[in-house]
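Q: Pasting entry.txt below, which is compact mmCIF, C-alpha atoms and all ligand atoms.
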```
# COMPACT_ATOMS: atom_id res chain seq x y z
CA MET A 1 19.12 -23.76 10.62
CA THR A 2 16.10 -21.51 11.19
CA ALA A 3 15.77 -18.27 9.20
CA VAL A 4 15.90 -16.10 12.30
CA GLU A 5 18.16 -17.35 15.03
CA GLU A 6 19.19 -15.30 18.05
CA VAL A 7 22.88 -15.45 18.97
CA PRO A 8 24.70 -13.57 21.75
CA THR A 9 26.13 -10.19 20.94
CA GLU A 10 28.40 -7.76 22.73
CA LEU A 11 26.77 -4.70 21.20
CA GLY A 12 24.97 -3.16 24.14
CA GLY A 13 23.06 -6.33 24.89
CA VAL A 14 20.87 -5.96 21.78
CA ALA A 15 20.11 -9.38 20.34
CA VAL A 16 21.56 -10.14 16.93
CA MET A 17 19.77 -12.60 14.67
CA GLN A 18 20.81 -14.63 11.68
CA VAL A 19 18.17 -13.86 9.09
CA THR A 20 17.39 -15.35 5.70
CA LEU A 21 15.47 -13.26 3.21
CA ARG A 22 14.16 -15.08 0.12
CA ILE A 23 13.50 -12.35 -2.42
CA LYS A 24 11.59 -12.64 -5.69
CA ARG A 25 13.68 -10.97 -8.34
CA MET A 26 13.38 -9.95 -11.97
CA ASN A 27 15.79 -8.08 -14.20
CA PRO A 28 14.27 -6.80 -17.46
CA GLU A 29 17.69 -7.05 -19.08
CA GLY A 30 18.45 -10.54 -17.79
CA THR A 31 21.25 -11.48 -15.45
CA GLY A 32 23.53 -14.50 -14.95
CA ASP A 33 21.48 -17.62 -15.75
CA HIS A 34 18.22 -15.70 -15.99
CA ALA A 35 16.62 -14.51 -19.21
CA PRO A 36 15.31 -10.93 -19.57
CA GLY A 37 12.03 -10.60 -17.66
CA GLU A 38 12.30 -14.03 -15.99
CA ASP A 39 11.47 -14.02 -12.30
CA TYR A 40 13.32 -16.17 -9.80
CA TRP A 41 13.94 -16.46 -6.04
CA GLU A 42 17.25 -15.59 -4.45
CA GLU A 43 18.25 -16.12 -0.82
CA PHE A 44 20.36 -13.76 1.23
CA HIS A 45 21.74 -14.51 4.70
CA LEU A 46 22.62 -11.68 7.04
CA GLU A 47 22.99 -10.61 10.64
CA ALA A 48 20.39 -8.19 11.92
CA HIS A 49 19.13 -6.81 15.20
CA ALA A 50 15.81 -8.00 16.55
CA THR A 51 14.48 -4.47 16.30
CA ASP A 52 15.49 -4.04 12.65
CA ARG A 53 12.79 -3.74 10.05
CA VAL A 54 12.57 -5.54 6.72
CA LEU A 55 13.63 -2.27 5.10
CA ASP A 56 16.86 -2.28 7.17
CA ALA A 57 17.55 -5.84 6.02
CA LEU A 58 16.97 -4.88 2.38
CA HIS A 59 19.35 -1.95 2.77
CA LYS A 60 21.98 -4.21 4.32
CA ILE A 61 21.71 -6.62 1.41
CA LYS A 62 21.89 -3.82 -1.14
CA TRP A 63 24.82 -2.06 0.52
CA GLU A 64 26.84 -5.11 1.54
CA GLN A 65 25.93 -8.00 -0.76
CA ASP A 66 24.21 -7.05 -4.01
CA GLY A 67 23.97 -3.47 -5.18
CA THR A 68 21.67 -4.46 -8.05
CA LEU A 69 18.76 -5.28 -5.72
CA ALA A 70 15.98 -2.82 -6.61
CA PHE A 71 13.25 -1.53 -4.29
CA ARG A 72 11.56 1.80 -3.58
CA ARG A 73 11.70 3.67 -0.29
CA SER A 74 11.89 7.25 0.83
CA CYS A 75 10.76 8.32 4.31
CA ALA A 76 11.53 5.02 6.12
CA HIS A 77 8.84 5.91 8.66
CA GLY A 78 5.49 4.83 7.23
CA VAL A 79 4.60 8.19 5.71
CA CYS A 80 5.48 8.23 2.01
CA GLY A 81 3.87 4.91 1.05
CA SER A 82 6.63 3.92 -1.38
CA ASP A 83 7.78 0.60 0.10
CA ALA A 84 4.63 -1.54 0.06
CA MET A 85 5.62 -5.11 -0.73
CA ARG A 86 4.42 -8.63 -0.08
CA ILE A 87 6.16 -10.00 3.00
CA ASN A 88 5.38 -13.57 4.02
CA ALA A 89 2.39 -13.48 1.65
CA ARG A 90 0.89 -10.32 3.16
CA ASN A 91 1.02 -6.75 1.88
CA ARG A 92 2.96 -4.55 4.30
CA LEU A 93 5.29 -1.56 4.43
CA ALA A 94 8.89 -2.80 4.71
CA CYS A 95 9.71 0.16 6.97
CA LYS A 96 6.96 -0.76 9.44
CA THR A 97 7.62 -4.51 9.63
CA LEU A 98 9.96 -5.69 12.39
CA LEU A 99 12.01 -8.81 11.69
CA LYS A 100 11.23 -10.17 15.16
CA ASP A 101 7.50 -10.12 14.37
CA LEU A 102 7.89 -12.46 11.39
CA ASN A 103 7.84 -16.24 11.59
CA PRO A 104 11.38 -17.15 12.71
CA ALA A 105 11.10 -20.77 11.62
CA LYS A 106 11.31 -20.07 7.90
CA PRO A 107 13.03 -17.73 5.46
CA ILE A 108 11.23 -14.40 5.15
CA LEU A 109 9.58 -14.23 1.74
CA VAL A 110 9.70 -10.82 0.06
CA GLU A 111 7.87 -10.21 -3.24
CA PRO A 112 6.56 -7.26 -5.22
CA ILE A 113 2.90 -6.33 -4.68
CA VAL A 114 0.58 -8.25 -7.01
CA GLY A 115 -1.50 -6.96 -9.93
CA LEU A 116 0.78 -4.18 -11.20
CA PRO A 117 3.51 -4.80 -13.80
CA VAL A 118 6.91 -5.52 -12.25
CA GLU A 119 9.65 -3.23 -13.53
CA LYS A 120 12.59 -4.71 -11.64
CA ASP A 121 12.81 -6.87 -8.47
CA LEU A 122 10.44 -5.27 -5.91
CA ILE A 123 9.62 -2.21 -8.03
CA VAL A 124 6.25 -2.17 -9.82
CA ASP A 125 4.79 0.27 -12.32
CA MET A 126 2.41 2.39 -10.20
CA GLU A 127 0.94 4.26 -13.16
CA PRO A 128 -2.26 2.14 -13.52
CA PHE A 129 -2.86 2.66 -9.78
CA PHE A 130 -2.42 6.44 -9.99
CA ALA A 131 -4.54 6.58 -13.17
CA SER A 132 -7.49 5.20 -11.16
CA TYR A 133 -6.82 7.72 -8.41
CA ARG A 134 -6.82 10.60 -10.90
CA LYS A 135 -10.19 9.45 -12.28
CA ILE A 136 -11.99 10.26 -9.04
CA MET A 137 -10.69 13.88 -9.12
CA PRO A 138 -8.77 13.89 -5.82
CA PHE A 139 -8.98 17.62 -5.11
CA LEU A 140 -11.45 19.87 -3.33
CA MET A 141 -14.22 21.27 -5.52
CA PRO A 142 -15.83 23.98 -3.38
CA ALA A 143 -18.82 26.04 -4.52
CA GLY A 144 -18.55 29.76 -5.25
CA PRO A 145 -15.54 32.07 -5.16
CA ALA A 146 -12.83 31.65 -2.56
CA PRO A 147 -13.81 33.26 0.77
CA GLU A 148 -11.56 35.75 2.52
CA ARG A 149 -11.00 33.31 5.38
CA GLU A 150 -10.82 29.52 5.60
CA ARG A 151 -13.94 27.43 4.91
CA LEU A 152 -15.16 26.46 8.36
CA GLN A 153 -16.21 22.99 9.40
CA THR A 154 -17.50 21.58 12.69
CA PRO A 155 -15.61 18.76 14.43
CA ALA A 156 -18.50 16.43 13.58
CA GLN A 157 -18.28 17.34 9.88
CA ARG A 158 -14.52 16.71 9.94
CA GLU A 159 -14.99 13.40 11.71
CA ARG A 160 -17.18 12.18 8.84
CA PHE A 161 -14.19 11.67 6.54
CA ASP A 162 -11.30 11.66 9.05
CA ASP A 163 -10.42 7.99 8.49
CA THR A 164 -9.93 8.27 4.74
CA THR A 165 -7.66 11.33 5.06
CA LYS A 166 -5.00 8.99 6.45
CA CYS A 167 -4.33 7.32 3.09
CA ILE A 168 -0.67 7.45 1.98
CA LEU A 169 -1.30 5.99 -1.51
CA CYS A 170 0.83 2.93 -0.85
CA ALA A 171 -1.37 0.59 -2.96
CA ALA A 172 -1.30 -2.19 -0.34
CA CYS A 173 -5.11 -2.33 -0.41
CA THR A 174 -5.65 -2.34 -4.17
CA THR A 175 -2.95 -4.93 -4.77
CA ALA A 176 -4.45 -7.21 -2.10
CA CYS A 177 -7.88 -7.21 -3.77
CA PRO A 178 -8.81 -10.39 -5.67
CA VAL A 179 -11.20 -8.46 -7.91
CA PHE A 180 -8.39 -6.09 -8.90
CA TRP A 181 -6.11 -9.05 -9.68
CA THR A 182 -8.59 -10.75 -11.97
CA ASP A 183 -10.89 -8.11 -13.40
CA GLY A 184 -8.50 -5.75 -15.16
CA GLN A 185 -11.03 -2.89 -15.09
CA TYR A 186 -11.81 -2.29 -11.40
CA PHE A 187 -10.61 1.08 -10.03
CA GLY A 188 -9.61 -0.74 -6.85
CA PRO A 189 -10.25 0.15 -3.20
CA GLN A 190 -7.74 3.00 -2.93
CA ALA A 191 -9.53 5.06 -5.60
CA ILE A 192 -12.75 4.62 -3.61
CA VAL A 193 -11.01 5.65 -0.37
CA GLY A 194 -9.66 8.71 -2.21
CA ALA A 195 -13.16 9.60 -3.42
CA HIS A 196 -14.66 9.02 0.04
CA ARG A 197 -12.29 11.60 1.51
CA PHE A 198 -13.93 14.31 -0.67
CA ILE A 199 -17.49 13.00 -1.04
CA PHE A 200 -18.10 13.25 2.71
CA ASP A 201 -16.26 16.57 3.12
CA SER A 202 -18.90 19.25 3.86
CA ARG A 203 -16.84 21.87 1.96
CA ASP A 204 -16.88 19.91 -1.29
CA GLU A 205 -19.52 20.28 -4.01
CA GLY A 206 -18.24 17.65 -6.42
CA GLN A 207 -19.68 14.67 -4.56
CA TRP A 208 -22.27 13.74 -7.18
CA ASP A 209 -19.72 13.90 -10.00
CA ARG A 210 -17.51 11.54 -8.02
CA LEU A 211 -20.39 9.24 -7.14
CA GLU A 212 -21.31 9.03 -10.79
CA ILE A 213 -17.75 7.99 -11.63
CA LEU A 214 -17.84 5.32 -8.90
CA ASN A 215 -21.23 4.11 -10.18
CA ASP A 216 -19.46 3.14 -13.41
CA THR A 217 -18.94 -0.50 -14.32
CA ALA A 218 -15.33 -0.19 -13.06
CA GLY A 219 -16.48 1.31 -9.76
CA VAL A 220 -17.81 0.26 -6.36
CA TRP A 221 -20.20 -2.42 -7.60
CA LYS A 222 -17.22 -4.57 -8.54
CA CYS A 223 -16.34 -4.90 -4.83
CA ARG A 224 -17.26 -8.31 -3.43
CA THR A 225 -16.57 -7.36 0.21
CA ALA A 226 -13.49 -9.57 0.42
CA PHE A 227 -12.01 -7.39 3.21
CA ASN A 228 -8.41 -8.05 2.02
CA CYS A 229 -8.05 -4.30 1.53
CA THR A 230 -8.94 -3.49 5.14
CA GLU A 231 -6.58 -6.16 6.45
CA ALA A 232 -3.74 -4.89 4.24
CA CYS A 233 -3.96 -1.18 5.03
CA PRO A 234 -0.90 -0.11 7.07
CA ARG A 235 -2.76 3.02 8.20
CA GLY A 236 -5.60 1.03 9.71
CA ILE A 237 -8.19 2.67 7.46
CA GLU A 238 -11.55 0.88 7.42
CA VAL A 239 -11.46 0.54 3.64
CA THR A 240 -14.40 -1.84 3.28
CA LYS A 241 -16.53 0.39 5.50
CA ALA A 242 -15.70 3.39 3.30
CA ILE A 243 -16.73 1.38 0.23
CA SER A 244 -20.02 0.40 1.89
CA GLU A 245 -20.73 4.07 2.71
CA ILE A 246 -20.27 4.95 -0.95
CA LYS A 247 -22.61 2.11 -1.98
CA HIS A 248 -25.16 3.34 0.55
CA ALA A 249 -24.96 6.90 -0.81
CA LEU A 250 -25.52 5.59 -4.35
CA ASN A 251 -28.44 3.42 -3.26
CA THR A 252 -30.20 6.05 -1.16
CA GLY A 253 -29.05 9.37 -2.60
CA GLU A 254 -28.08 10.41 0.94
CA ILE A 255 -24.64 11.65 1.93
FE1 LIG B 1 -2.39 2.31 1.45
FE2 LIG B 1 -4.48 2.17 3.15
FE3 LIG B 1 -4.33 4.14 1.34
FE4 LIG B 1 -4.83 1.68 0.56
S1 LIG B 1 -6.15 2.95 1.86
S2 LIG B 1 -3.39 3.08 -0.41
S3 LIG B 1 -3.59 0.48 1.95
S4 LIG B 1 -2.92 3.78 3.04
FE1 LIG B 2 -11.58 -5.96 -2.89
FE2 LIG B 2 -11.69 -4.81 -0.52
FE3 LIG B 2 -13.87 -5.13 -1.95
S1 LIG B 2 -10.44 -6.54 -1.08
S2 LIG B 2 -13.50 -7.00 -3.06
S3 LIG B 2 -12.15 -3.87 -2.49
S4 LIG B 2 -13.70 -5.29 0.27
FE1 LIG B 3 8.02 5.67 3.29
FE2 LIG B 3 8.03 3.09 4.07
S1 LIG B 3 9.66 4.20 3.14
S2 LIG B 3 6.36 4.47 3.98
```
Just dump the structure as structure tokens.
Ligand code: SF4
Ligand code: F3S
Ligand code: FES

A:
Amino acid sequence: MTAVEEVPTELGGVAVMQVTLRIKRMNPEGTGDHAPGEDYWEEFHLEAHATDRVLDALHKIKWEQDGTLAFRRSCAHGVCGSDAMRINARNRLACKTLLKDLNPAKPILVEPIVGLPVEKDLIVDMEPFFASYRKIMPFLMPAGPAPERERLQTPAQRERFDDTTKCILCAACTTACPVFWTDGQYFGPQAIVGAHRFIFDSRDEGQWDRLEILNDTAGVWKCRTAFNCTEACPRGIEVTKAISEIKHALNTGEI
């Protein structure tokens, strides 16, 4: 039987599919035949609508089959960034991935994102990721005392960093980067995106401090232009382009 098979339904004509999710699991305390910390694959079979998302399928499993299944989610609408996971070998948000868009010929593979320590099932320890983000000082550093009114900016000045304001800190980019997987020191692409958002903001005066941080051995020069980060970003941010703009600023001294 295929993993996703459409069968007739009487529920308002909406197609119902038989879906198989093969989920990579790990329980730090051990469970059944599995030792503490051992990872293993487990298959779940369920009925779902064609328009359901992977997050809906995970909920159905958790609520109807196995309440111990662990994963993060909050907004369910692609805003909070908490449900990045590896789905069919690609980093995606579970709440933005429709079952009907996945390969119906095979079970849908669901794994935690790679390169961060797994805490349980699909939940990883995000602290190393946020530690890199904190290093680039992700807050506005304007010059002088606060004005009586807002700090004005032209549309062209705003456009300069518009793309990188869209980041939702989901970590899909950083955990898709082969340098991040193997190096152990690299800040990762998200930290560079976070820095870009302030470096090219005309109201900010901390750009050279941030560029100095990114010029560090753990910074932008580690990037090998693999483009995995750009392909993984669920917000469509041109991550590799942002990294190249930072490299250009460091090479030329021009912002
Ligand atoms: Fe997620 Fe994109 Fe931000 Fe990376 S740049 S953390 S993939 S939203
Ligand atoms: Fe990694 Fe993206 Fe550079 S995947 S190597 S940060 S272009
Ligand atoms: Fe918030 Fe998916 S649950 S982005």

Q: Produce as a ChimeraX atom specification the set of residues near ligand LIG 3 (chain B), where near means within 10 Å with only C-alpha atoms and all ligand atoms considered.

A: /A:55,72-85,92-97,168-170,234

Q: Hey, which residues come within 8 Å of ligand LIG 1 (chain B) if we count all atoms listed in the file? Could you give them as a ChimeraX atom specification?

A: /A:81,164,166-174,189-190,193-194,229-230,232-237,239

Q: Could you give me the residues within 10 Å of ligand LIG 2 (chain B), counting all atoms listed in the file, as a PyMOL selection string?

A: chain A and resi 173-181+186-193+219-232+238-244

Q: From (16.1, -4.1, 8.1), in the file's coordinates, out to 10 Å: which residues are reached, counting only C-alpha atoms? Answer as a list of chain:residue names.

A: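 The requested residues, written out, are A:Glu47, A:Ala48, A:His49, A:Ala50, A:Thr51, A:Asp52, A:Arg53, A:Val54, A:Leu55, A:Asp56, A:Ala57, A:Leu58, A:His59, A:Lys60, A:Ile61, A:Ala94, A:Cys95, A:Lys96, A:Thr97, A:Leu98, A:Leu99.
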
Q: If we count all atoms listed in the file, what is near Ile108 of chain A at a cut-off of 12 Å, once residues fewer than 4 positions away on the same chain are taken out, given as a PyMOL selection string?

A: chain A and resi 2-4+18-24+41-46+53-54+57-58+86-90+94+97-104

Q: With only C-alpha atoms as the basis for distance, which of A:Phe200, A:Tyr133, A:Phe71, A:Tyr40 is at the shortest distance from Glu159 of chain A?

A: A:Phe200

Q: Around (-9.5, 14.3, 4.0) in the file's frame, which residues reach within 7 Å when counting all atoms listed in the file? Return as a ChimeraX atom specification?

A: /A:161-162,164-165,197-198

Q: Quick one: residues within 9 Å of Ile136 of chain A, all atoms listed in the file, excluding same-chain residues fewer than 4 positions away - as a PyMOL selection string?

A: chain A and resi 132+191-192+194-195+209-211+213-214

Q: Which residue is closest to Leu109 of chain A? Choose from A:Asn91, A:Thr252, A:Gly67, A:Ala146 and count all atoms listed in the file.

A: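 Among the listed residues, the smallest separation from Leu109 of chain A belongs to A:Asn91.
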
Q: In Å, with one decimal, what is the gap from atom CA of Val114 of chain A to atom CA of Phe139 of chain A?

A: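 Atom CA of Phe139 of chain A lies 27.6 Å from atom CA of Val114 of chain A.
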
Q: Can you tell me how far atom CA of Gln153 of chain A sits from atom CA of Pro138 of chain A, in Å to one decimal?

A: 19.2 Å

Q: What gap, in Å, lies between atom CA of Gly184 of chain A and atom CA of Phe129 of chain A?

A: 11.5 Å

Q: I'd like to know which of A:Pro145, A:His196, A:Ser202, A:Leu69 is closest to His248 of chain A, using only C-alpha atoms.

A: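 When distances to His248 of chain A are compared using only C-alpha atoms, the smallest one comes from A:His196.
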
Q: If we count all atoms listed in the file, what is near Trp208 of chain A at a cut-off of 10 Å, once residues fewer than 4 positions away on the same chain are taken out, given as a list in words?

A: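 The neighbour list is Ile199, Glu212, Ile213, Leu214, Ala249, Leu250, Gly253 and Ile255 of chain A.
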
Q: From the structure block, carefully write segment 104-128 of chain A out with N, CA and C atoms; format it as a PDB file, in the first residue's frame.

A:
```pdb
ATOM      1  N   PRO A 104       3.545  10.841  -2.390  1.00  0.00           N
ATOM      2  CA  PRO A 104       2.546   9.896  -1.883  1.00  0.00           C
ATOM      3  C   PRO A 104       2.968   8.435  -1.999  1.00  0.00           C
ATOM      4  N   ALA A 105       4.069   8.172  -2.671  1.00  0.00           N
ATOM      5  CA  ALA A 105       4.452   6.781  -2.912  1.00  0.00           C
ATOM      6  C   ALA A 105       5.152   6.145  -1.713  1.00  0.00           C
ATOM      7  N   LYS A 106       5.597   6.964  -0.786  1.00  0.00           N
ATOM      8  CA  LYS A 106       6.382   6.420   0.329  1.00  0.00           C
ATOM      9  C   LYS A 106       5.885   6.986   1.652  1.00  0.00           C
ATOM     10  N   PRO A 107       6.258   6.341   2.766  1.00  0.00           N
ATOM     11  CA  PRO A 107       5.948   6.945   4.068  1.00  0.00           C
ATOM     12  C   PRO A 107       6.608   8.324   4.171  1.00  0.00           C
ATOM     13  N   ILE A 108       5.970   9.217   4.877  1.00  0.00           N
ATOM     14  CA  ILE A 108       6.520  10.557   5.079  1.00  0.00           C
ATOM     15  C   ILE A 108       7.507  10.485   6.247  1.00  0.00           C
ATOM     16  N   LEU A 109       8.756  10.840   5.977  1.00  0.00           N
ATOM     17  CA  LEU A 109       9.785  10.767   7.010  1.00  0.00           C
ATOM     18  C   LEU A 109       9.811  12.077   7.799  1.00  0.00           C
ATOM     19  N   VAL A 110       9.749  11.967   9.110  1.00  0.00           N
ATOM     20  CA  VAL A 110       9.767  13.164   9.955  1.00  0.00           C
ATOM     21  C   VAL A 110      10.865  12.993  11.002  1.00  0.00           C
ATOM     22  N   GLU A 111      11.815  13.943  11.012  1.00  0.00           N
ATOM     23  CA  GLU A 111      12.966  13.851  11.928  1.00  0.00           C
ATOM     24  C   GLU A 111      13.193  15.208  12.581  1.00  0.00           C
ATOM     25  N   PRO A 112      13.928  15.225  13.696  1.00  0.00           N
ATOM     26  CA  PRO A 112      14.312  16.528  14.249  1.00  0.00           C
ATOM     27  C   PRO A 112      15.320  17.215  13.334  1.00  0.00           C
ATOM     28  N   ILE A 113      15.396  18.556  13.397  1.00  0.00           N
ATOM     29  CA  ILE A 113      16.416  19.273  12.640  1.00  0.00           C
ATOM     30  C   ILE A 113      17.793  18.817  13.122  1.00  0.00           C
ATOM     31  N   VAL A 114      18.775  18.930  12.225  1.00  0.00           N
ATOM     32  CA  VAL A 114      20.103  18.326  12.456  1.00  0.00           C
ATOM     33  C   VAL A 114      21.106  19.368  12.979  1.00  0.00           C
ATOM     34  N   GLY A 115      21.960  18.934  13.907  1.00  0.00           N
ATOM     35  CA  GLY A 115      23.058  19.797  14.349  1.00  0.00           C
ATOM     36  C   GLY A 115      22.843  20.407  15.721  1.00  0.00           C
ATOM     37  N   LEU A 116      21.651  20.234  16.283  1.00  0.00           N
ATOM     38  CA  LEU A 116      21.379  20.671  17.651  1.00  0.00           C
ATOM     39  C   LEU A 116      21.021  19.429  18.467  1.00  0.00           C
ATOM     40  N   PRO A 117      21.377  19.393  19.759  1.00  0.00           N
ATOM     41  CA  PRO A 117      21.131  18.184  20.549  1.00  0.00           C
ATOM     42  C   PRO A 117      19.642  17.873  20.660  1.00  0.00           C
ATOM     43  N   VAL A 118      19.285  16.609  20.429  1.00  0.00           N
ATOM     44  CA  VAL A 118      17.878  16.209  20.549  1.00  0.00           C
ATOM     45  C   VAL A 118      17.556  16.019  22.023  1.00  0.00           C
ATOM     46  N   GLU A 119      16.437  16.604  22.450  1.00  0.00           N
ATOM     47  CA  GLU A 119      16.001  16.445  23.839  1.00  0.00           C
ATOM     48  C   GLU A 119      14.988  15.305  23.969  1.00  0.00           C
ATOM     49  N   LYS A 120      14.052  15.267  23.050  1.00  0.00           N
ATOM     50  CA  LYS A 120      13.085  14.146  23.012  1.00  0.00           C
ATOM     51  C   LYS A 120      12.377  14.184  21.656  1.00  0.00           C
ATOM     52  N   ASP A 121      12.286  13.051  20.986  1.00  0.00           N
ATOM     53  CA  ASP A 121      11.590  12.949  19.686  1.00  0.00           C
ATOM     54  C   ASP A 121      11.995  14.097  18.747  1.00  0.00           C
ATOM     55  N   LEU A 122      11.056  15.012  18.443  1.00  0.00           N
ATOM     56  CA  LEU A 122      11.322  16.063  17.453  1.00  0.00           C
ATOM     57  C   LEU A 122      11.761  17.375  18.110  1.00  0.00           C
ATOM     58  N   ILE A 123      11.974  17.330  19.418  1.00  0.00           N
ATOM     59  CA  ILE A 123      12.364  18.545  20.148  1.00  0.00           C
ATOM     60  C   ILE A 123      13.880  18.588  20.307  1.00  0.00           C
ATOM     61  N   VAL A 124      14.478  19.705  19.855  1.00  0.00           N
ATOM     62  CA  VAL A 124      15.924  19.882  20.015  1.00  0.00           C
ATOM     63  C   VAL A 124      16.194  21.008  21.002  1.00  0.00           C
ATOM     64  N   ASP A 125      17.412  21.020  21.533  1.00  0.00           N
ATOM     65  CA  ASP A 125      17.854  22.089  22.415  1.00  0.00           C
ATOM     66  C   ASP A 125      18.240  23.291  21.544  1.00  0.00           C
ATOM     67  N   MET A 126      17.471  24.364  21.611  1.00  0.00           N
ATOM     68  CA  MET A 126      17.704  25.537  20.762  1.00  0.00           C
ATOM     69  C   MET A 126      18.733  26.497  21.361  1.00  0.00           C
ATOM     70  N   GLU A 127      19.211  26.208  22.555  1.00  0.00           N
ATOM     71  CA  GLU A 127      20.077  27.175  23.233  1.00  0.00           C
ATOM     72  C   GLU A 127      21.351  27.526  22.441  1.00  0.00           C
ATOM     73  N   PRO A 128      22.068  26.553  21.845  1.00  0.00           N
ATOM     74  CA  PRO A 128      23.252  26.948  21.064  1.00  0.00           C
ATOM     75  C   PRO A 128      22.888  27.878  19.906  1.00  0.00           C
TER      76      PRO A 128
END
```
